file run.pdb (PDB, C-alpha atoms and all ligand atoms)
ATOM      1  CA  MET L   1      -8.558  11.576 -30.164
ATOM      2  CA  THR L   2      -6.721  13.081 -27.196
ATOM      3  CA  TYR L   3      -7.422  11.194 -24.003
ATOM      4  CA  ILE L   4      -5.027  12.634 -21.441
ATOM      5  CA  LYS L   5      -4.487  16.360 -21.844
ATOM      6  CA  ILE L   6      -2.012  18.273 -19.705
ATOM      7  CA  GLN L   7      -2.061  22.005 -20.350
ATOM      8  CA  GLN L   8       0.321  24.603 -18.934
ATOM      9  CA  VAL L   9       0.672  22.672 -15.703
ATOM     10  CA  SER L  10       2.913  24.038 -12.955
ATOM     11  CA  LYS L  11       3.396  22.742  -9.451
ATOM     12  CA  PHE L  12       5.007  24.308  -6.374
ATOM     13  CA  PHE L  13       5.591  22.585  -3.057
ATOM     14  CA  LYS L  14       5.668  24.782   0.015
ATOM     15  CA  ARG L  15       7.296  23.400   3.102
ATOM     16  CA  ARG L  16       8.668  25.183   6.171
ATOM     17  CA  GLY L  17       8.650  28.524   4.407
ATOM     18  CA  GLN L  18      10.534  27.139   1.402
ATOM     19  CA  VAL L  19       9.001  26.924  -2.038
ATOM     20  CA  THR L  20      10.117  24.263  -4.509
ATOM     21  CA  GLU L  21       9.097  24.694  -8.107
ATOM     22  CA  ALA L  22       8.626  21.071  -9.131
ATOM     23  CA  LEU L  23       7.018  21.434 -12.564
ATOM     24  CA  ARG L  24       6.874  24.339 -14.989
ATOM     25  CA  ASP L  25       4.511  24.775 -17.937
ATOM     26  CA  ILE L  26       4.004  21.137 -18.820
ATOM     27  CA  ASN L  27       2.025  20.547 -22.011
ATOM     28  CA  LEU L  28       1.393  16.970 -23.129
ATOM     29  CA  GLU L  29      -1.317  15.078 -24.967
ATOM     30  CA  PHE L  30      -1.771  11.331 -25.209
ATOM     31  CA  GLN L  31      -4.216   9.164 -27.087
ATOM     32  CA  GLN L  32      -5.981   6.250 -25.468
ATOM     33  CA  GLY L  33      -4.001   2.995 -25.508
ATOM     34  CA  THR L  34      -0.597   4.679 -25.694
ATOM     35  CA  PHE L  35       2.404   3.473 -23.695
ATOM     36  CA  VAL L  36       4.219   6.578 -22.493
ATOM     37  CA  SER L  37       7.498   6.640 -20.564
ATOM     38  CA  LEU L  38       8.644   9.604 -18.495
ATOM     39  CA  ILE L  39      12.399   9.838 -18.155
ATOM     40  CA  GLY L  40      14.619  12.515 -16.655
ATOM     41  CA  PRO L  41      17.061  13.313 -13.866
ATOM     42  CA  SER L  42      16.225  12.588 -10.256
ATOM     43  CA  GLY L  43      13.924  15.219  -8.766
ATOM     44  CA  CYS L  44      12.658  16.552 -12.113
ATOM     45  CA  GLY L  45       9.045  15.871 -11.139
ATOM     46  CA  LYS L  46       8.217  12.573 -12.876
ATOM     47  CA  SER L  47       6.415  11.107  -9.847
ATOM     48  CA  THR L  48       4.711  14.427  -9.200
ATOM     49  CA  LEU L  49       3.372  14.486 -12.752
ATOM     50  CA  LEU L  50       2.115  10.916 -12.390
ATOM     51  CA  ARG L  51       0.396  11.781  -9.121
ATOM     52  CA  ILE L  52      -1.186  14.878 -10.688
ATOM     53  CA  VAL L  53      -2.651  12.820 -13.537
ATOM     54  CA  GLY L  54      -3.893  10.256 -11.006
ATOM     55  CA  GLY L  55      -5.656  12.897  -8.936
ATOM     56  CA  LEU L  56      -3.373  12.420  -5.920
ATOM     57  CA  THR L  57      -1.639  15.804  -6.096
ATOM     58  CA  GLU L  58      -3.311  19.157  -6.790
ATOM     59  CA  ILE L  59      -1.904  21.518  -9.393
ATOM     60  CA  ASP L  60      -1.179  25.203  -8.883
ATOM     61  CA  GLN L  61      -1.617  26.294 -12.479
ATOM     62  CA  GLY L  62      -2.971  24.794 -15.661
ATOM     63  CA  GLU L  63      -5.410  22.012 -16.365
ATOM     64  CA  VAL L  64      -5.420  18.227 -16.673
ATOM     65  CA  THR L  65      -8.277  16.311 -18.261
ATOM     66  CA  ILE L  66      -8.764  12.590 -18.734
ATOM     67  CA  GLY L  67     -11.408  11.847 -21.325
ATOM     68  CA  GLY L  68     -12.901  15.237 -20.450
ATOM     69  CA  LEU L  69     -12.910  14.547 -16.688
ATOM     70  CA  SER L  70     -10.789  16.132 -14.000
ATOM     71  CA  PRO L  71      -8.219  13.767 -12.424
ATOM     72  CA  GLY L  72     -10.390  13.606  -9.293
ATOM     73  CA  GLY L  73     -13.453  12.747 -11.400
ATOM     74  CA  ALA L  74     -11.542  10.063 -13.296
ATOM     75  CA  GLN L  75     -10.289   8.666  -9.993
ATOM     76  CA  ARG L  76     -13.833   8.442  -8.633
ATOM     77  CA  GLN L  77     -14.747   6.474 -11.763
ATOM     78  CA  LYS L  78     -11.904   4.047 -10.976
ATOM     79  CA  GLN L  79      -9.998   4.872 -14.130
ATOM     80  CA  PHE L  80      -6.550   4.434 -12.558
ATOM     81  CA  GLY L  81      -4.502   1.456 -11.559
ATOM     82  CA  PHE L  82      -1.270   2.183  -9.703
ATOM     83  CA  VAL L  83       1.897   0.098  -9.810
ATOM     84  CA  PRO L  84       4.351   1.585  -7.285
ATOM     85  CA  GLN L  85       8.032   0.724  -6.721
ATOM     86  CA  SER L  86       7.162  -2.082  -4.355
ATOM     87  CA  PRO L  87       3.854  -3.830  -4.835
ATOM     88  CA  ALA L  88       1.326  -3.476  -2.051
ATOM     89  CA  LEU L  89       0.491  -7.154  -1.569
ATOM     90  CA  PHE L  90      -1.002  -8.776   1.503
ATOM     91  CA  PRO L  91       1.760 -11.202   2.543
ATOM     92  CA  TRP L  92      -0.554 -13.739   4.173
ATOM     93  CA  ARG L  93      -2.918 -13.899   1.257
ATOM     94  CA  THR L  94      -2.341 -16.120  -1.728
ATOM     95  CA  VAL L  95      -1.403 -14.680  -5.097
ATOM     96  CA  LEU L  96      -4.946 -15.294  -6.351
ATOM     97  CA  GLU L  97      -6.461 -13.607  -3.291
ATOM     98  CA  ASN L  98      -4.197 -10.626  -3.859
ATOM     99  CA  MET L  99      -5.493 -10.420  -7.449
ATOM    100  CA  ASN L 100      -8.996  -9.913  -5.996
ATOM    101  CA  VAL L 101      -8.127  -6.874  -3.900
ATOM    102  CA  PRO L 102      -9.199  -4.156  -6.402
ATOM    103  CA  PHE L 103     -12.558  -5.881  -6.800
ATOM    104  CA  GLU L 104     -13.095  -6.175  -3.066
ATOM    105  CA  VAL L 105     -12.394  -2.454  -2.767
ATOM    106  CA  ASN L 106     -14.794  -1.678  -5.619
ATOM    107  CA  ARG L 107     -17.526  -3.845  -4.160
ATOM    108  CA  LYS L 108     -17.236  -1.997  -0.878
ATOM    109  CA  GLY L 109     -17.741   1.176  -2.868
ATOM    110  CA  GLY L 110     -20.972  -0.324  -4.237
ATOM    111  CA  ASP L 111     -19.516  -1.007  -7.675
ATOM    112  CA  ALA L 112     -20.937  -3.870  -9.691
ATOM    113  CA  GLU L 113     -18.736  -3.609 -12.785
ATOM    114  CA  SER L 114     -16.221  -6.039 -11.331
ATOM    115  CA  GLU L 115     -18.302  -8.947 -12.576
ATOM    116  CA  ASN L 116     -16.965  -8.645 -16.176
ATOM    117  CA  ARG L 117     -13.451  -9.159 -15.007
ATOM    118  CA  GLU L 118     -10.694 -10.980 -16.778
ATOM    119  CA  ASP L 119      -9.582 -14.393 -15.667
ATOM    120  CA  PRO L 120      -6.944 -13.717 -12.965
ATOM    121  CA  ILE L 121      -5.266 -17.067 -13.600
ATOM    122  CA  GLU L 122      -4.744 -16.250 -17.275
ATOM    123  CA  LEU L 123      -3.278 -12.891 -16.306
ATOM    124  CA  LEU L 124      -0.909 -14.587 -13.868
ATOM    125  CA  GLN L 125       0.079 -17.097 -16.541
ATOM    126  CA  SER L 126       0.903 -14.254 -18.908
ATOM    127  CA  VAL L 127       3.491 -12.982 -16.423
ATOM    128  CA  GLY L 128       4.880 -16.485 -15.852
ATOM    129  CA  LEU L 129       3.206 -17.095 -12.478
ATOM    130  CA  GLY L 130       0.788 -19.850 -13.463
ATOM    131  CA  ASP L 131       2.411 -22.252 -10.982
ATOM    132  CA  PHE L 132       2.247 -19.830  -8.054
ATOM    133  CA  VAL L 133      -1.445 -18.968  -7.990
ATOM    134  CA  HIS L 134      -1.962 -20.561  -4.566
ATOM    135  CA  SER L 135       1.355 -19.526  -3.033
ATOM    136  CA  TYR L 136       1.360 -16.926  -0.292
ATOM    137  CA  ALA L 137       2.611 -13.546  -1.437
ATOM    138  CA  LYS L 138       5.277 -13.593   1.292
ATOM    139  CA  GLU L 139       6.765 -16.730  -0.298
ATOM    140  CA  LEU L 140       7.514 -14.923  -3.570
ATOM    141  CA  SER L 141      10.693 -13.138  -4.579
ATOM    142  CA  GLY L 142      10.612  -9.375  -5.102
ATOM    143  CA  GLY L 143      10.435  -9.837  -8.873
ATOM    144  CA  MET L 144       7.558 -12.289  -8.597
ATOM    145  CA  GLN L 145       5.681  -9.938  -6.282
ATOM    146  CA  GLN L 146       6.110  -7.127  -8.737
ATOM    147  CA  ARG L 147       4.740  -9.378 -11.505
ATOM    148  CA  VAL L 148       1.635  -9.981  -9.371
ATOM    149  CA  GLY L 149       1.304  -6.205  -9.016
ATOM    150  CA  ILE L 150       1.483  -5.795 -12.793
ATOM    151  CA  ALA L 151      -0.969  -8.621 -13.552
ATOM    152  CA  ARG L 152      -3.338  -7.212 -10.940
ATOM    153  CA  ALA L 153      -3.205  -3.735 -12.452
ATOM    154  CA  PHE L 154      -3.933  -5.120 -15.940
ATOM    155  CA  GLY L 155      -6.849  -7.112 -14.549
ATOM    156  CA  SER L 156      -8.254  -4.303 -12.434
ATOM    157  CA  GLY L 157     -10.570  -2.911 -15.107
ATOM    158  CA  ALA L 158      -8.853   0.498 -14.923
ATOM    159  CA  PRO L 159      -8.119   1.870 -18.412
ATOM    160  CA  ILE L 160      -5.087   3.909 -17.264
ATOM    161  CA  LEU L 161      -2.133   2.405 -15.436
ATOM    162  CA  LEU L 162       0.300   4.668 -13.609
ATOM    163  CA  MET L 163       3.600   2.902 -12.992
ATOM    164  CA  ASP L 164       6.208   4.658 -10.875
ATOM    165  CA  GLU L 165       9.578   2.959 -11.396
ATOM    166  CA  PRO L 166       8.063  -0.473 -10.848
ATOM    167  CA  PHE L 167      11.356  -2.258 -11.538
ATOM    168  CA  SER L 168      13.721  -0.050  -9.580
ATOM    169  CA  ALA L 169      14.165  -2.471  -6.666
ATOM    170  CA  LEU L 170      14.965  -5.446  -8.904
ATOM    171  CA  ASP L 171      18.284  -6.869 -10.041
ATOM    172  CA  GLU L 172      19.301  -6.316 -13.659
ATOM    173  CA  ILE L 173      18.468  -9.818 -14.913
ATOM    174  CA  THR L 174      15.037  -9.943 -13.265
ATOM    175  CA  ARG L 175      14.368  -6.454 -14.480
ATOM    176  CA  GLU L 176      15.116  -7.393 -18.080
ATOM    177  CA  ARG L 177      12.866 -10.439 -17.903
ATOM    178  CA  ILE L 178       9.975  -8.521 -16.367
ATOM    179  CA  SER L 179      10.243  -5.815 -18.988
ATOM    180  CA  TYR L 180       9.480  -8.424 -21.679
ATOM    181  CA  GLN L 181       6.528  -9.703 -19.677
ATOM    182  CA  LEU L 182       5.199  -6.188 -19.298
ATOM    183  CA  LEU L 183       5.673  -5.709 -23.036
ATOM    184  CA  ASP L 184       3.643  -8.866 -23.765
ATOM    185  CA  ILE L 185       0.818  -8.135 -21.374
ATOM    186  CA  TRP L 186       0.577  -4.542 -22.577
ATOM    187  CA  GLU L 187       0.535  -5.603 -26.238
ATOM    188  CA  SER L 188      -2.395  -7.900 -25.554
ATOM    189  CA  HIS L 189      -4.346  -5.333 -23.480
ATOM    190  CA  GLN L 190      -3.230  -1.945 -24.850
ATOM    191  CA  LYS L 191      -4.185   0.085 -21.835
ATOM    192  CA  THR L 192      -2.960   3.632 -21.520
ATOM    193  CA  VAL L 193       0.218   3.471 -19.454
ATOM    194  CA  LEU L 194       2.317   6.234 -17.923
ATOM    195  CA  PHE L 195       5.578   4.618 -16.882
ATOM    196  CA  VAL L 196       8.298   6.400 -14.916
ATOM    197  CA  THR L 197      11.759   4.963 -15.462
ATOM    198  CA  HIS L 198      15.446   5.821 -15.356
ATOM    199  CA  SER L 199      16.222   3.147 -17.928
ATOM    200  CA  LEU L 200      16.681   4.291 -21.519
ATOM    201  CA  ARG L 201      16.443   0.693 -22.653
ATOM    202  CA  GLU L 202      13.080   0.107 -20.972
ATOM    203  CA  ALA L 203      11.740   3.389 -22.290
ATOM    204  CA  VAL L 204      12.546   2.455 -25.894
ATOM    205  CA  LEU L 205      11.550  -1.197 -25.630
ATOM    206  CA  LEU L 206       8.137  -0.526 -24.136
ATOM    207  CA  SER L 207       6.971   2.847 -25.328
ATOM    208  CA  ASP L 208       5.082   4.503 -28.121
ATOM    209  CA  LYS L 209       6.223   7.866 -26.764
ATOM    210  CA  VAL L 210       9.077   8.877 -24.503
ATOM    211  CA  VAL L 211       8.795  12.178 -22.644
ATOM    212  CA  VAL L 212      12.267  13.464 -21.760
ATOM    213  CA  MET L 213      12.171  15.886 -18.857
ATOM    214  CA  SER L 214      14.780  18.412 -17.789
ATOM    215  CA  ALA L 215      16.107  18.956 -14.264
ATOM    216  CA  ARG L 216      14.050  20.865 -11.703
ATOM    217  CA  PRO L 217      11.868  22.725 -12.311
ATOM    218  CA  GLY L 218      10.734  19.858 -14.503
ATOM    219  CA  GLN L 219       9.933  20.856 -18.037
ATOM    220  CA  VAL L 220       9.361  18.813 -21.147
ATOM    221  CA  ALA L 221      12.669  18.744 -23.027
ATOM    222  CA  LYS L 222      11.476  16.522 -25.875
ATOM    223  CA  VAL L 223       8.772  14.047 -26.808
ATOM    224  CA  ILE L 224      10.140  11.198 -28.918
ATOM    225  CA  ASP L 225       7.834   8.878 -30.863
ATOM    226  CA  ILE L 226       9.183   5.337 -30.849
ATOM    227  CA  ASN L 227       8.207   4.002 -34.242
ATOM    228  CA  LEU L 228       9.467   0.459 -33.753
ATOM    229  CA  PRO L 229       7.127  -2.210 -35.111
ATOM    230  CA  ARG L 230       4.922  -4.205 -32.748
ATOM    231  CA  PRO L 231       4.677  -6.835 -31.475
ATOM    232  CA  ARG L 232       8.222  -6.331 -30.254
ATOM    233  CA  GLN L 233      10.518  -9.233 -29.424
ATOM    234  CA  ALA L 234      13.830  -9.307 -27.585
ATOM    235  CA  GLU L 235      15.752  -9.157 -30.916
ATOM    236  CA  ILE L 236      14.537  -5.636 -31.474
ATOM    237  CA  GLU L 237      17.110  -4.506 -28.923
ATOM    238  CA  ASP L 238      19.853  -5.457 -31.389
ATOM    239  CA  SER L 239      18.423  -3.338 -34.181
ATOM    240  CA  GLU L 240      20.016  -0.159 -35.405
ATOM    241  CA  GLN L 241      16.767   1.731 -34.929
ATOM    242  CA  PHE L 242      16.623   0.715 -31.266
ATOM    243  CA  HIS L 243      20.132   2.030 -30.662
ATOM    244  CA  TYR L 244      19.268   5.173 -32.536
ATOM    245  CA  TYR L 245      16.354   5.904 -30.173
ATOM    246  CA  VAL L 246      18.464   5.166 -27.080
ATOM    247  CA  SER L 247      21.100   7.620 -28.372
ATOM    248  CA  GLU L 248      18.482  10.222 -29.148
ATOM    249  CA  ILE L 249      17.101  10.088 -25.601
ATOM    250  CA  ARG L 250      20.605  10.147 -24.113
ATOM    251  CA  ALA L 251      21.549  13.165 -26.222
ATOM    252  CA  SER L 252      18.399  14.952 -25.189
ATOM    253  CA  LEU L 253      19.127  14.289 -21.495
ATOM    254  CA  ARG L 254      22.739  15.467 -21.891
ATOM    255  CA  GLU L 255      21.681  18.569 -23.733
ATOM    256  CA  ARG L 256      19.806  19.595 -20.587
ATOM    257  CA  TRP L 257      22.804  19.039 -18.306
ATOM    258  CA  LYS L 258      24.721  21.793 -20.035
TER     259      LYS L 258
HETATM  260  N1  LIG M 301       5.139  16.269  -0.978
HETATM  261  C1  LIG M 301       6.199  17.019  -1.278
HETATM  262  N2  LIG M 301       6.550  18.068  -0.508
HETATM  263  C2  LIG M 301       7.592  18.842  -0.820
HETATM  264  N3  LIG M 301       8.384  18.676  -1.899
HETATM  265  C3  LIG M 301       8.079  17.645  -2.707
HETATM  266  C4  LIG M 301       6.985  16.760  -2.441
HETATM  267  N4  LIG M 301       6.937  15.824  -3.433
HETATM  268  C5  LIG M 301       7.956  16.115  -4.267
HETATM  269  N5  LIG M 301       8.646  17.209  -3.829
HETATM  270  C6  LIG M 301       9.796  17.817  -4.497
HETATM  271  O1  LIG M 301       9.446  18.023  -5.864
HETATM  272  C7  LIG M 301      10.533  17.707  -6.716
HETATM  273  C8  LIG M 301      10.114  16.631  -7.701
HETATM  274  O2  LIG M 301       9.942  15.397  -6.997
HETATM  275  P1  LIG M 301       9.538  14.025  -7.722
HETATM  276  O3  LIG M 301       9.527  12.971  -6.685
HETATM  277  O4  LIG M 301       8.300  14.246  -8.501
HETATM  278  O5  LIG M 301      10.763  13.821  -8.722
HETATM  279  P2  LIG M 301      11.177  12.530  -9.571
HETATM  280  O6  LIG M 301      11.583  13.021 -10.911
HETATM  281  O7  LIG M 301      10.087  11.514  -9.517
HETATM  282  O8  LIG M 301      12.450  12.027  -8.751
HETATM  283  P3  LIG M 301      13.154  10.582  -8.675
HETATM  284  O9  LIG M 301      13.565  10.223 -10.069
HETATM  285  O10 LIG M 301      14.320  10.810  -7.770
HETATM  286  O11 LIG M 301      12.130   9.637  -8.079
HETATM  287  C9  LIG M 301      11.684  17.294  -5.797
HETATM  288  O12 LIG M 301      12.500  18.411  -5.575
HETATM  289  C10 LIG M 301      10.983  16.885  -4.528
HETATM  290  O13 LIG M 301      11.821  17.094  -3.395
END
call {"tool": "encode", "arguments": {"input": "run.pdb", "output": "structure tokens"}}
result
Amino acid sequence: MTYIKIQQVSKFFKRRGQVTEALRDINLEFQQGTFVSLIGPSGCGKSTLLRIVGGLTEIDQGEVTIGGLSPGGAQRQKQFGFVPQSPALFPWRTVLENMNVPFEVNRKGGDAESENREDPIELLQSVGLGDFVHSYAKELSGGMQQRVGIARAFGSGAPILLMDEPFSALDEITRERISYQLLDIWESHQKTVLFVTHSLREAVLLSDKVVVMSARPGQVAKVIDINLPRPRQAEIEDSEQFHYYVSEIRASLRERWK
């Protein structure tokens, strides 16, 4: 059953008398529990689309529904967890205390559902941070901080995670390692994820669907189903099928440069 439905969505930004057409006629549908990557040239509207789904940016035309709710309605029901480029951690709090932040916020909002929460230590172990639970966030490397951000989002109780280039500030080796940890944690939780990336490799490794977008005004160039078996291990990157998908995405991006 369709969970996230984006119909004929267009978005214009108006600033100082200038109008930028950021998105044009976007139509997409995703089922619950799908890992979706958005890939496309810089400025094609990937972040804007993520923010629209998350109820942070209004649309000018079209409609977005999340399980029948408007993005604003879904946001009020705490359906979204955000993982931005750099994780918003409190530096003087420990890793474990940072894991509690979404629940503190929810409690302030009078929300009691936080009591059925997952064990934050187990979540931290699943991203390789079991030994750093009591470290201060400021003592962690950038990659470790981002792993806390990911574990926190998976433990937040939100069914939809919106990840906007979460690995972009990391070096290549850290980035590769974290992508496997994200793969593992997602495969054991199967939340609906919208993941913005510039990496073809990450898109194929992680996703069930890759949305290739064309340059501004952003339009959907192609939606590619990644039918690689799960659970996926590092070896899958050596498979012919993996390379085939990477080439297909690259060709689709190039097609739009012409
Ligand atoms: N708040 C805003 N006000 C005005 N223009 C905006 C605003 N947000 C985005 N834009 C414009 O909309 C277009 C799409 O921006 P967006 O950040 O969504 O692209 P993107 O694909 O995520 O880019 P990148 O890959 O570089 O992060 C760009 O031309 C951008 O300048």
call {"tool": "closest_residue", "arguments": {"input": "run.pdb", "among": "L:Pro120, L:Pro102, L:Gly81, L:Gly68", "to": "Val133 of chain L", "atoms": "all atoms listed in the file"}}
result
L:Pro120
call {"tool": "residues_near_ligand", "arguments": {"input": "run.pdb", "ligand": "ligand LIG 301 (chain M)", "cutoff": "9 Å", "atoms": "all atoms listed in the file", "output": "PyMOL selection string"}}
result
chain L and resi 11-15+19-23+38-51+57+164-165+196-198+213+215-218
call {"tool": "closest_residue", "arguments": {"input": "run.pdb", "among": "L:Ser141, L:Ser37, L:Ser239, L:Gln32", "to": "Ala203 of chain L", "atoms": "only C-alpha atoms"}}
result
L:Ser37
call {"tool": "residues_around", "arguments": {"input": "run.pdb", "residues": "Gly143 of chain L", "least_positions_apart": "6", "cutoff": "9 Å", "atoms": "all atoms listed in the file", "output": "PyMOL selection string"}}
result
chain L and resi 167+169-171+174-175+178
call {"tool": "write_last_selection", "arguments": {"input": "run.pdb", "atoms": "C-alpha atoms", "output": "short mmCIF file (atom, residue, chain, number, x, y, z; two decimals), in the coordinates of the input"}}
result
data_model
loop_
_atom_site.label_atom_id
_atom_site.label_comp_id
_atom_site.auth_asym_id
_atom_site.auth_seq_id
_atom_site.Cartn_x
_atom_site.Cartn_y
_atom_site.Cartn_z
CA PHE L 167 11.36 -2.26 -11.54
CA ALA L 169 14.16 -2.47 -6.67
CA LEU L 170 14.96 -5.45 -8.90
CA ASP L 171 18.28 -6.87 -10.04
CA THR L 174 15.04 -9.94 -13.26
CA ARG L 175 14.37 -6.45 -14.48
CA ILE L 178 9.98 -8.52 -16.37
#
call {"tool": "closest_residue", "arguments": {"input": "run.pdb", "among": "L:Ser199, L:Pro84, L:Trp92, L:Glu172", "to": "Ile150 of chain L", "atoms": "only C-alpha atoms"}}
result
L:Pro84
call {"tool": "residues_around", "arguments": {"input": "run.pdb", "residues": "Gly55 of chain L", "least_positions_apart": "2", "cutoff": "12 Å", "atoms": "all atoms listed in the file", "output": "tab-separated table (two decimals) with C-alpha atoms, keeping the file's coordinate frame"}}
result
chain	number	residue	atom	x	y	z
L	48	THR	CA	4.71	14.43	-9.20
L	49	LEU	CA	3.37	14.49	-12.75
L	50	LEU	CA	2.12	10.92	-12.39
L	51	ARG	CA	0.40	11.78	-9.12
L	52	ILE	CA	-1.19	14.88	-10.69
L	53	VAL	CA	-2.65	12.82	-13.54
L	57	THR	CA	-1.64	15.80	-6.10
L	58	GLU	CA	-3.31	19.16	-6.79
L	59	ILE	CA	-1.90	21.52	-9.39
L	63	GLU	CA	-5.41	22.01	-16.36
L	64	VAL	CA	-5.42	18.23	-16.67
L	65	THR	CA	-8.28	16.31	-18.26
L	66	ILE	CA	-8.76	12.59	-18.73
L	69	LEU	CA	-12.91	14.55	-16.69
L	70	SER	CA	-10.79	16.13	-14.00
L	71	PRO	CA	-8.22	13.77	-12.42
L	72	GLY	CA	-10.39	13.61	-9.29
L	73	GLY	CA	-13.45	12.75	-11.40
L	74	ALA	CA	-11.54	10.06	-13.30
L	75	GLN	CA	-10.29	8.67	-9.99
L	76	ARG	CA	-13.83	8.44	-8.63
L	77	GLN	CA	-14.75	6.47	-11.76
L	78	LYS	CA	-11.90	4.05	-10.98
L	79	GLN	CA	-10.00	4.87	-14.13
L	80	PHE	CA	-6.55	4.43	-12.56
L	81	GLY	CA	-4.50	1.46	-11.56
L	82	PHE	CA	-1.27	2.18	-9.70
L	162	LEU	CA	0.30	4.67	-13.61
call {"tool": "closest_residue", "arguments": {"input": "run.pdb", "among": "L:Gln145, L:Thr34, L:Gln233, L:Ser156", "to": "Phe103 of chain L", "atoms": "all atoms listed in the file"}}
result
L:Ser156
call {"tool": "closest_residue", "arguments": {"input": "run.pdb", "among": "L:Ser168, L:Tyr244, L:Tyr180, L:Gly54", "to": "Gly142 of chain L", "atoms": "only C-alpha atoms"}}
result
L:Ser168
call {"tool": "resolve_selection", "arguments": {"input": "run.pdb", "expression": "the PyMOL selection byres (((chain L and resi 7) around 9) and not hetatm)", "output": "PyMOL selection string"}}
result
chain L and resi 5-6+8-9+25-29+61-65
call {"tool": "atom_distance", "arguments": {"input": "run.pdb", "atom1": "atom CA of Glu202 of chain L", "atom2": "atom CA of Glu176 of chain L"}}
result
8.3 Å
call {"tool": "resolve_selection", "arguments": {"input": "run.pdb", "expression": "the PyMOL selection byres (((chain L and resi 123) around 12) and not hetatm)", "output": "number ranges by chain"}}
result
L: 95-96, 99, 117-122, 124-130, 133, 147-156, 181-182, 184-186, 188-189
call {"tool": "closest_residue", "arguments": {"input": "run.pdb", "among": "L:Val220, L:Ala137, L:Leu56, L:Leu183", "to": "Arg93 of chain L", "atoms": "only C-alpha atoms"}}
result
L:Ala137
call {"tool": "atom_distance", "arguments": {"input": "run.pdb", "atom1": "atom CA of Leu228 of chain L", "atom2": "atom CA of Ala158 of chain L"}}
result
26.3 Å
call {"tool": "resolve_selection", "arguments": {"input": "run.pdb", "expression": "the PyMOL selection byres (((chain L and resi 3) around 6) and not hetatm)", "output": "list in words"}}
result
Thr2, Ile4, Phe30, Gln31, Gln32, Ile66 and Gly67 of chain L
call {"tool": "atom_distance", "arguments": {"input": "run.pdb", "atom1": "atom CA of Thr94 of chain L", "atom2": "atom CA of Leu140 of chain L"}}
result
10.1 Å
call {"tool": "decode", "arguments": {"input": "run.pdb", "residues": "segment 9-21 of chain L", "atoms": "N, CA and C atoms", "output": "PDB file, in the first residue's frame"}}
result
ATOM      1  N   VAL L   9       3.817  17.701  -7.784  1.00  0.00           N
ATOM      2  CA  VAL L   9       4.336  18.738  -6.892  1.00  0.00           C
ATOM      3  C   VAL L   9       5.301  19.678  -7.616  1.00  0.00           C
ATOM      4  N   SER L  10       5.050  20.964  -7.486  1.00  0.00           N
ATOM      5  CA  SER L  10       5.967  21.986  -8.001  1.00  0.00           C
ATOM      6  C   SER L  10       6.293  22.964  -6.887  1.00  0.00           C
ATOM      7  N   LYS L  11       7.487  23.529  -6.975  1.00  0.00           N
ATOM      8  CA  LYS L  11       7.904  24.472  -5.937  1.00  0.00           C
ATOM      9  C   LYS L  11       8.684  25.623  -6.564  1.00  0.00           C
ATOM     10  N   PHE L  12       8.295  26.841  -6.212  1.00  0.00           N
ATOM     11  CA  PHE L  12       9.002  28.049  -6.658  1.00  0.00           C
ATOM     12  C   PHE L  12       9.511  28.786  -5.419  1.00  0.00           C
ATOM     13  N   PHE L  13      10.735  29.301  -5.513  1.00  0.00           N
ATOM     14  CA  PHE L  13      11.219  30.174  -4.449  1.00  0.00           C
ATOM     15  C   PHE L  13      11.251  31.584  -5.002  1.00  0.00           C
ATOM     16  N   LYS L  14      10.726  32.512  -4.226  1.00  0.00           N
ATOM     17  CA  LYS L  14      10.746  33.917  -4.658  1.00  0.00           C
ATOM     18  C   LYS L  14      11.637  34.680  -3.696  1.00  0.00           C
ATOM     19  N   ARG L  15      12.648  35.313  -4.268  1.00  0.00           N
ATOM     20  CA  ARG L  15      13.538  36.095  -3.412  1.00  0.00           C
ATOM     21  C   ARG L  15      14.033  37.306  -4.176  1.00  0.00           C
ATOM     22  N   ARG L  16      13.908  38.459  -3.549  1.00  0.00           N
ATOM     23  CA  ARG L  16      14.321  39.748  -4.134  1.00  0.00           C
ATOM     24  C   ARG L  16      13.850  39.881  -5.587  1.00  0.00           C
ATOM     25  N   GLY L  17      12.587  39.621  -5.787  1.00  0.00           N
ATOM     26  CA  GLY L  17      11.992  39.801  -7.108  1.00  0.00           C
ATOM     27  C   GLY L  17      12.341  38.710  -8.102  1.00  0.00           C
ATOM     28  N   GLN L  18      13.176  37.758  -7.685  1.00  0.00           N
ATOM     29  CA  GLN L  18      13.563  36.674  -8.610  1.00  0.00           C
ATOM     30  C   GLN L  18      12.827  35.394  -8.244  1.00  0.00           C
ATOM     31  N   VAL L  19      12.373  34.692  -9.259  1.00  0.00           N
ATOM     32  CA  VAL L  19      11.674  33.433  -8.996  1.00  0.00           C
ATOM     33  C   VAL L  19      12.541  32.269  -9.459  1.00  0.00           C
ATOM     34  N   THR L  20      12.751  31.311  -8.575  1.00  0.00           N
ATOM     35  CA  THR L  20      13.490  30.097  -8.948  1.00  0.00           C
ATOM     36  C   THR L  20      12.506  28.938  -8.957  1.00  0.00           C
ATOM     37  N   GLU L  21      12.453  28.263 -10.092  1.00  0.00           N
ATOM     38  CA  GLU L  21      11.600  27.070 -10.146  1.00  0.00           C
ATOM     39  C   GLU L  21      12.453  25.902  -9.670  1.00  0.00           C
TER      40      GLU L  21
END
